[in-house]
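Peer 1: One structure is given below, represented as structure tokens, and several questions about it will come after.
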Amino acid sequence: MKTAKFSRLGFILAAVGSAVGLGNIWKFPYVTGEYGGGAFVLIYLITALFVGIFVLIAELLIGKLGQSDAVSMFENLATKHKKAWKWAGFVVIVPLIILSYYSVVIGWIFHYIVISFEKLPTTVKESTDNFMNLLTSDYQTQLFYHTIVFVLVTAIILKGIKNGIEKINKILMPLLGILLGILFVYSINIDAFVDAAHFMFDPDFSKLTSTGVIVAIGQAFYTLSLGMGIIITYAASLPKQSNIVRSSLIIAIIDTIVAIVAGLIIFTLLFDKGAQSTKGAGLVFISLPSVFYEFGGAGQFLALLFFIAIAFAGITSAISMMEPTVLYLIQRFNMSRTKAAIICSIFFYLLGIVTLFSNITEYKPLLNVGDKSFFDWVDFVCSTMLVPCGGILVVVFVGYYMDKTKIRKELVPLMGKTFVSIWFFMIRYIIPFALFAVILNETGILNS
Ligand code: PFF
Ligand code: NA
């Protein structure tokens, strides 16, 4: 059974839609703040543009040559150990699990769109109280918006590749570009823009730690939606004539530009008002809202544009997290799209409710394991551990288990013999070890 294909532009927009998400606008700025600015950004740029593009090419290759769901592609394309490689395809469950809390966070963003309309917090203290109240006691609001995200994502997936995924990305991605463009032009005209640019581009290597380097590599994978069967699945619906090398370049470059631009906007606004960048979630949900308030009437407008922009980025990524499992169920079990979509969406919806309640003070003791809430565990295990594991599977598969002649036949016309050799070398000998270092770091073995 064969599903519809993307148009060429549709594919690029959908892949960019998946890549550009909370990882760019929310996570990238705060890890940059945490790991010392310029030097971190430099390492991130190098990994995103080199390692990232190499792995993107590998994932697009699997999709283009495999033309099926992720599980079948690993099974069919493996030159040996087919039965074992089939299991690699089950990484598709990871993004579906990530979606459970990603949806909750998109819900917070929806809530902040409403707050920007109504009334921004006037002080950092008020802003902190607002957010902590939402997070630790107001489960009604969180549940309400989580449900809205669930309905939206399900509705789009139900409409399929062409009329759902391609269409929504064709609308939301250009709008996202316009919103960020307006915010960017606004920040360029603020004096603090220069400080923000210094902070992001003046590398001070004394601030860079080995953990910083490894976090940068992990971020490069997360931000490009690699290692989760997502790009592989989207690429299975690539039109025949598309150039996978050029597509990889475009996806990685746009994703990187959005991260940099978002960082510049956020740090300009923060520095202009002398605000500190609170760590983690706080940067966008605590520091920024009170900073927006200080910009007066314009601030409310900026806040609105900003939160709508992240909401668009989040929704298009959320869709991409569900499609791989949906396609797997359709292809392997001959399910209708409707049935597959409903099964997947109920799964992430219910899991999302558990993660949501794990932050609520009353239920915390019930749902906490060790010193982390269930929410933090899911994020930690999936985003930081399993993403690099998925990345290793992809590069080992493409580097050692796929038919080399087929790969060369596809890639040599696109990038020439020398580059194909360099690419192979990276995929086989460098990237697996870099990712392994990321995993060791996350388990704490490297930072004793
Ligand atoms: N690349 C997305 C981001 O930067 O926000 C995150 C993401 C998308 C993670 C899809 C996982 C995923 F399956
Ligand atoms: Na991203």
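Letters for chains follow the order of the structure tokens (A, B, ...), residue numbers begin at 1 for each chain, and ligand numbers begin at 1 in the order shown.
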Residues contacting ligand 1 - anything with an atom at most 6 Å away, using only C-alpha atoms and all ligand atoms - can you give me those as number ranges by chain?
Peer 2: A: 18-24, 95, 222-225, 228, 317, 320-321
Peer 1: Those selected residues, please, written with C-alpha atoms and delivered as a CSV table (one decimal), in the first residue's frame.
Peer 2:
chain,number,residue,atom,x,y,z
A,18,SER,CA,9.6,19.3,12.0
A,19,ALA,CA,13.1,20.7,12.6
A,20,VAL,CA,12.2,24.2,13.6
A,21,GLY,CA,10.5,23.8,17.0
A,22,LEU,CA,10.7,24.5,20.7
A,23,GLY,CA,14.3,23.3,20.3
A,24,ASN,CA,15.2,26.4,18.4
A,95,PRO,CA,9.0,10.8,19.2
A,222,TYR,CA,17.6,17.2,18.7
A,223,THR,CA,17.1,20.4,16.7
A,224,LEU,CA,17.3,18.7,13.4
A,225,SER,CA,14.8,15.9,14.5
A,228,MET,CA,13.9,9.3,15.6
A,317,SER,CA,7.1,19.6,15.0
A,320,SER,CA,6.1,15.1,12.7
A,321,MET,CA,6.4,13.2,15.9
Peer 1: If we count only C-alpha atoms, what is near region 431-447 of chain A at a cut-off of 12 Å, once residues fewer than 2 positions away on the same chain are taken out, given as a PyMOL selection string?
Peer 2: chain A and resi 47+50-55+58+209-222+226-227+380-400+423-429
Peer 1: Grab the residues selected above and save them as a PDB file, in the first residue's frame with C-alpha atoms.
Peer 2:
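Final output, saved to out.pdb:
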ATOM      1  CA  THR A  47      28.204  20.190  14.634  1.00  0.00           C
ATOM      2  CA  PHE A  50      28.719  19.256   9.507  1.00  0.00           C
ATOM      3  CA  VAL A  51      27.577  16.323  11.584  1.00  0.00           C
ATOM      4  CA  GLY A  52      23.938  17.374  11.235  1.00  0.00           C
ATOM      5  CA  ILE A  53      23.992  17.630   7.464  1.00  0.00           C
ATOM      6  CA  PHE A  54      25.850  14.319   7.132  1.00  0.00           C
ATOM      7  CA  VAL A  55      23.263  12.497   9.208  1.00  0.00           C
ATOM      8  CA  ALA A  58      21.893   9.486   5.684  1.00  0.00           C
ATOM      9  CA  THR A 209      33.423  23.000  29.230  1.00  0.00           C
ATOM     10  CA  SER A 210      33.583  19.484  27.829  1.00  0.00           C
ATOM     11  CA  THR A 211      29.969  19.112  28.922  1.00  0.00           C
ATOM     12  CA  GLY A 212      29.184  22.199  26.849  1.00  0.00           C
ATOM     13  CA  VAL A 213      30.691  20.580  23.758  1.00  0.00           C
ATOM     14  CA  ILE A 214      28.679  17.425  24.274  1.00  0.00           C
ATOM     15  CA  VAL A 215      25.467  19.315  24.959  1.00  0.00           C
ATOM     16  CA  ALA A 216      26.065  21.175  21.692  1.00  0.00           C
ATOM     17  CA  ILE A 217      26.284  17.879  19.784  1.00  0.00           C
ATOM     18  CA  GLY A 218      23.117  16.594  21.451  1.00  0.00           C
ATOM     19  CA  GLN A 219      21.329  19.829  20.653  1.00  0.00           C
ATOM     20  CA  ALA A 220      22.384  19.609  17.002  1.00  0.00           C
ATOM     21  CA  PHE A 221      20.654  16.227  16.756  1.00  0.00           C
ATOM     22  CA  TYR A 222      17.553  17.184  18.672  1.00  0.00           C
ATOM     23  CA  LEU A 226      17.452  13.306  13.811  1.00  0.00           C
ATOM     24  CA  GLY A 227      17.657   9.783  15.171  1.00  0.00           C
ATOM     25  CA  PHE A 380      15.681  13.159  29.939  1.00  0.00           C
ATOM     26  CA  VAL A 381      15.401   9.571  28.722  1.00  0.00           C
ATOM     27  CA  CYS A 382      13.892  10.424  25.340  1.00  0.00           C
ATOM     28  CA  SER A 383      15.463  13.700  24.294  1.00  0.00           C
ATOM     29  CA  THR A 384      18.878  13.302  25.788  1.00  0.00           C
ATOM     30  CA  MET A 385      19.493   9.560  25.836  1.00  0.00           C
ATOM     31  CA  LEU A 386      17.430   7.957  23.091  1.00  0.00           C
ATOM     32  CA  VAL A 387      17.959  10.643  20.448  1.00  0.00           C
ATOM     33  CA  PRO A 388      21.727  10.020  20.301  1.00  0.00           C
ATOM     34  CA  CYS A 389      21.081   6.243  20.465  1.00  0.00           C
ATOM     35  CA  GLY A 390      18.772   6.572  17.462  1.00  0.00           C
ATOM     36  CA  GLY A 391      21.481   8.599  15.746  1.00  0.00           C
ATOM     37  CA  ILE A 392      24.018   5.819  16.291  1.00  0.00           C
ATOM     38  CA  LEU A 393      21.626   3.261  14.827  1.00  0.00           C
ATOM     39  CA  VAL A 394      21.185   5.370  11.697  1.00  0.00           C
ATOM     40  CA  VAL A 395      24.871   5.977  11.038  1.00  0.00           C
ATOM     41  CA  VAL A 396      25.905   2.398  11.797  1.00  0.00           C
ATOM     42  CA  PHE A 397      23.134   1.146   9.533  1.00  0.00           C
ATOM     43  CA  VAL A 398      23.995   3.417   6.626  1.00  0.00           C
ATOM     44  CA  GLY A 399      27.736   3.084   7.187  1.00  0.00           C
ATOM     45  CA  TYR A 400      27.957  -0.692   7.526  1.00  0.00           C
ATOM     46  CA  TRP A 423      30.789  11.582   4.036  1.00  0.00           C
ATOM     47  CA  PHE A 424      31.273   7.831   4.362  1.00  0.00           C
ATOM     48  CA  PHE A 425      34.304   8.351   6.553  1.00  0.00           C
ATOM     49  CA  MET A 426      32.371  10.632   8.921  1.00  0.00           C
ATOM     50  CA  ILE A 427      29.382   8.306   9.033  1.00  0.00           C
ATOM     51  CA  ARG A 428      31.477   5.219   9.749  1.00  0.00           C
ATOM     52  CA  TYR A 429      34.280   6.410  11.960  1.00  0.00           C
TER      53      TYR A 429
END
Peer 1: With distances taken over only C-alpha atoms and all ligand atoms, which residue among A:Ile353, A:Ser247, A:Trp26, A:Thr361 lies nearest ligand 2?
Peer 2: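 With only C-alpha atoms and all ligand atoms as the atom set, the closest residue is A:Trp26.
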Peer 1: Looking at A:Asp129, A:Asp272, A:Asp255, A:Glu294, which one is nearest to ligand 2, with distances taken over only C-alpha atoms and all ligand atoms?
Peer 2: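 Closest to ligand 2, using only C-alpha atoms and all ligand atoms: A:Asp255.
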Peer 1: Mind pulling up the distance from CA of Ala236 (chain A) to CA of Ser421 (chain A)?
Peer 2: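 Here the two named atoms are 24.5 Å from each other.
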Peer 1: Within 7 Å of region 98-115 of chain A, counting only C-alpha atoms, which residues show up once you throw out same-chain ones fewer than 3 positions away? Write them as a list in words, please.
Peer 2: Val94, Pro95, Glu118, Lys119, Leu120, Gln142, Tyr145, His146, Val149, Leu304, Phe307, Ile308, Ala311, Gly314, Ala318, Met321, Phe348, Tyr349, Leu351, Gly352, Thr355, Leu356, Phe375, Asp379 and Cys382 of chain A
Peer 1: Need the shell around Glu410 (chain A): protein/DNA/RNA residues with any atom at most 12 Å away, counting only C-alpha atoms. Skip same-chain ones fewer than 3 positions apart. Format as a PyMOL selection string?
Peer 2: chain A and resi 57-58+60-62+64-65+240-245+403-407+413-417+420
Peer 1: Pull the closest atom pair for each residue of region 214-252 of chain A that gets at most 9 Å from region 68-73 of chain A, along with the distance in Å to one decimal, counting only C-alpha atoms, ordering rows by chain and then ascending residue number, as a tab-separated table.
Peer 2:
residue	atom	partner	partner_atom	distance
A:Gly229	CA	A:Ala70	CA	6.1
A:Ile230	CA	A:Ala70	CA	8.5
A:Ile232	CA	A:Ala70	CA	6.7
A:Thr233	CA	A:Ala70	CA	6.0
A:Ala236	CA	A:Ser68	CA	5.8
A:Ser237	CA	A:Ser68	CA	8.2
Peer 1: Give me the residues within 9 Å of region 369-373 of chain A as a list of chain:residue names, counting only C-alpha atoms and dropping any in the same chain fewer than 5 places off.
Peer 2: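 Using only C-alpha atoms, the neighbours found are A:Thr355, A:Ser358, A:Asn359, A:Lys364, A:Val378.
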Peer 1: Produce a file of the selected residues containing C-alpha atoms, as a PDB file, in the first residue's frame.
Peer 2:
ATOM      1  CA  THR A 355       3.416  13.821  32.722  1.00  0.00           C
ATOM      2  CA  SER A 358       3.632  14.731  37.694  1.00  0.00           C
ATOM      3  CA  ASN A 359       4.390  18.445  38.076  1.00  0.00           C
ATOM      4  CA  LYS A 364       4.111  14.712  42.736  1.00  0.00           C
ATOM      5  CA  VAL A 378      10.496  11.332  29.980  1.00  0.00           C
TER       6      VAL A 378
END
Peer 1: Would you list the contacts of Ile157 (chain A) as JSON, numbers by chain, taking every protein, DNA or RNA residue within 10 Å and counting only C-alpha atoms, but skipping same-chain residues closer than 2 positions in sequence?
Peer 2: {"A": [152, 153, 154, 155, 159, 160, 161, 163, 164, 165, 319, 320, 322, 323, 326, 337, 338, 340, 341, 342, 345]}
Peer 1: So that I have them on file, write out the residues from the current selection with C-alpha atoms, as a PDB file, in the first residue's frame.
Peer 2:
ATOM      1  CA  LEU A 152      -5.338  19.937  16.418  1.00  0.00           C
ATOM      2  CA  VAL A 153      -2.532  17.447  15.833  1.00  0.00           C
ATOM      3  CA  THR A 154      -4.956  14.553  15.380  1.00  0.00           C
ATOM      4  CA  ALA A 155      -7.085  16.522  12.928  1.00  0.00           C
ATOM      5  CA  LYS A 159      -5.988  14.467   6.685  1.00  0.00           C
ATOM      6  CA  GLY A 160      -2.835  12.682   5.569  1.00  0.00           C
ATOM      7  CA  ILE A 161       0.404  13.697   3.898  1.00  0.00           C
ATOM      8  CA  ASN A 163      -3.960  17.641   2.621  1.00  0.00           C
ATOM      9  CA  GLY A 164      -2.830  17.581   6.215  1.00  0.00           C
ATOM     10  CA  ILE A 165       0.915  17.724   6.801  1.00  0.00           C
ATOM     11  CA  ILE A 319       2.753  16.601  13.818  1.00  0.00           C
ATOM     12  CA  SER A 320       6.051  15.128  12.687  1.00  0.00           C
ATOM     13  CA  MET A 322       3.153  11.354  15.369  1.00  0.00           C
ATOM     14  CA  GLU A 323       3.367  10.520  11.661  1.00  0.00           C
ATOM     15  CA  VAL A 326       0.912   6.265  12.209  1.00  0.00           C
ATOM     16  CA  ARG A 337      -5.266   6.233   8.607  1.00  0.00           C
ATOM     17  CA  THR A 338      -8.173   7.141  10.843  1.00  0.00           C
ATOM     18  CA  ALA A 340      -3.947   4.508  13.243  1.00  0.00           C
ATOM     19  CA  ALA A 341      -4.157   8.217  14.008  1.00  0.00           C
ATOM     20  CA  ILE A 342      -6.686   7.693  16.770  1.00  0.00           C
ATOM     21  CA  SER A 345      -3.169  10.257  19.541  1.00  0.00           C
TER      22      SER A 345
END
Peer 1: Do you know which residues are at most 12 Å from His198 (chain A) counting only C-alpha atoms, after dropping those on the same chain fewer than 4 positions away, and could you put them as a count of residues only?
Peer 2: 16
Peer 1: Quick check, in Å to one decimal: how far apart do CA of Ser287 (chain A) and CA of Thr122 (chain A) lie?
Peer 2: 11.0 Å
Peer 1: Using only C-alpha atoms and all ligand atoms, can you tell me which of A:Ile250, A:Ala259, A:Ile97, A:Met200 comes closest to ligand 2?
Peer 2: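 Looking at the shortest contact to ligand 2, the residue is A:Ala259.
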Peer 1: What separation in Å, quoted to one decimal, exists between CA of Thr325 (chain A) and CA of Val92 (chain A)?
Peer 2: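 According to the coordinates, CA of Thr325 (chain A) and CA of Val92 (chain A) are separated by 5.6 Å.
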Peer 1: May I ask which of the residues A:Phe199, A:Ala252, A:Phe205, A:Glu75 is the closest one to ligand 2, counting only C-alpha atoms and all ligand atoms?
Peer 2: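 When distances to ligand 2 are compared using only C-alpha atoms and all ligand atoms, the smallest one comes from A:Ala252.
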Peer 1: From the DSSP assignment of the backbone, select every residue of region 64-116 of chain A that is alpha helix (DSSP H), and format the answer as an NGL selection string.
Peer 2: :A and (64-66 or 70-77 or 82-86 or 93-116)
Peer 1: Here is a test: counting only C-alpha atoms and all ligand atoms, which residue of A:Ala313, A:Ala235, A:Val284, A:Leu350 is nearest to ligand 2?
Peer 2: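 When distances to ligand 2 are compared using only C-alpha atoms and all ligand atoms, the smallest one comes from A:Ala313.
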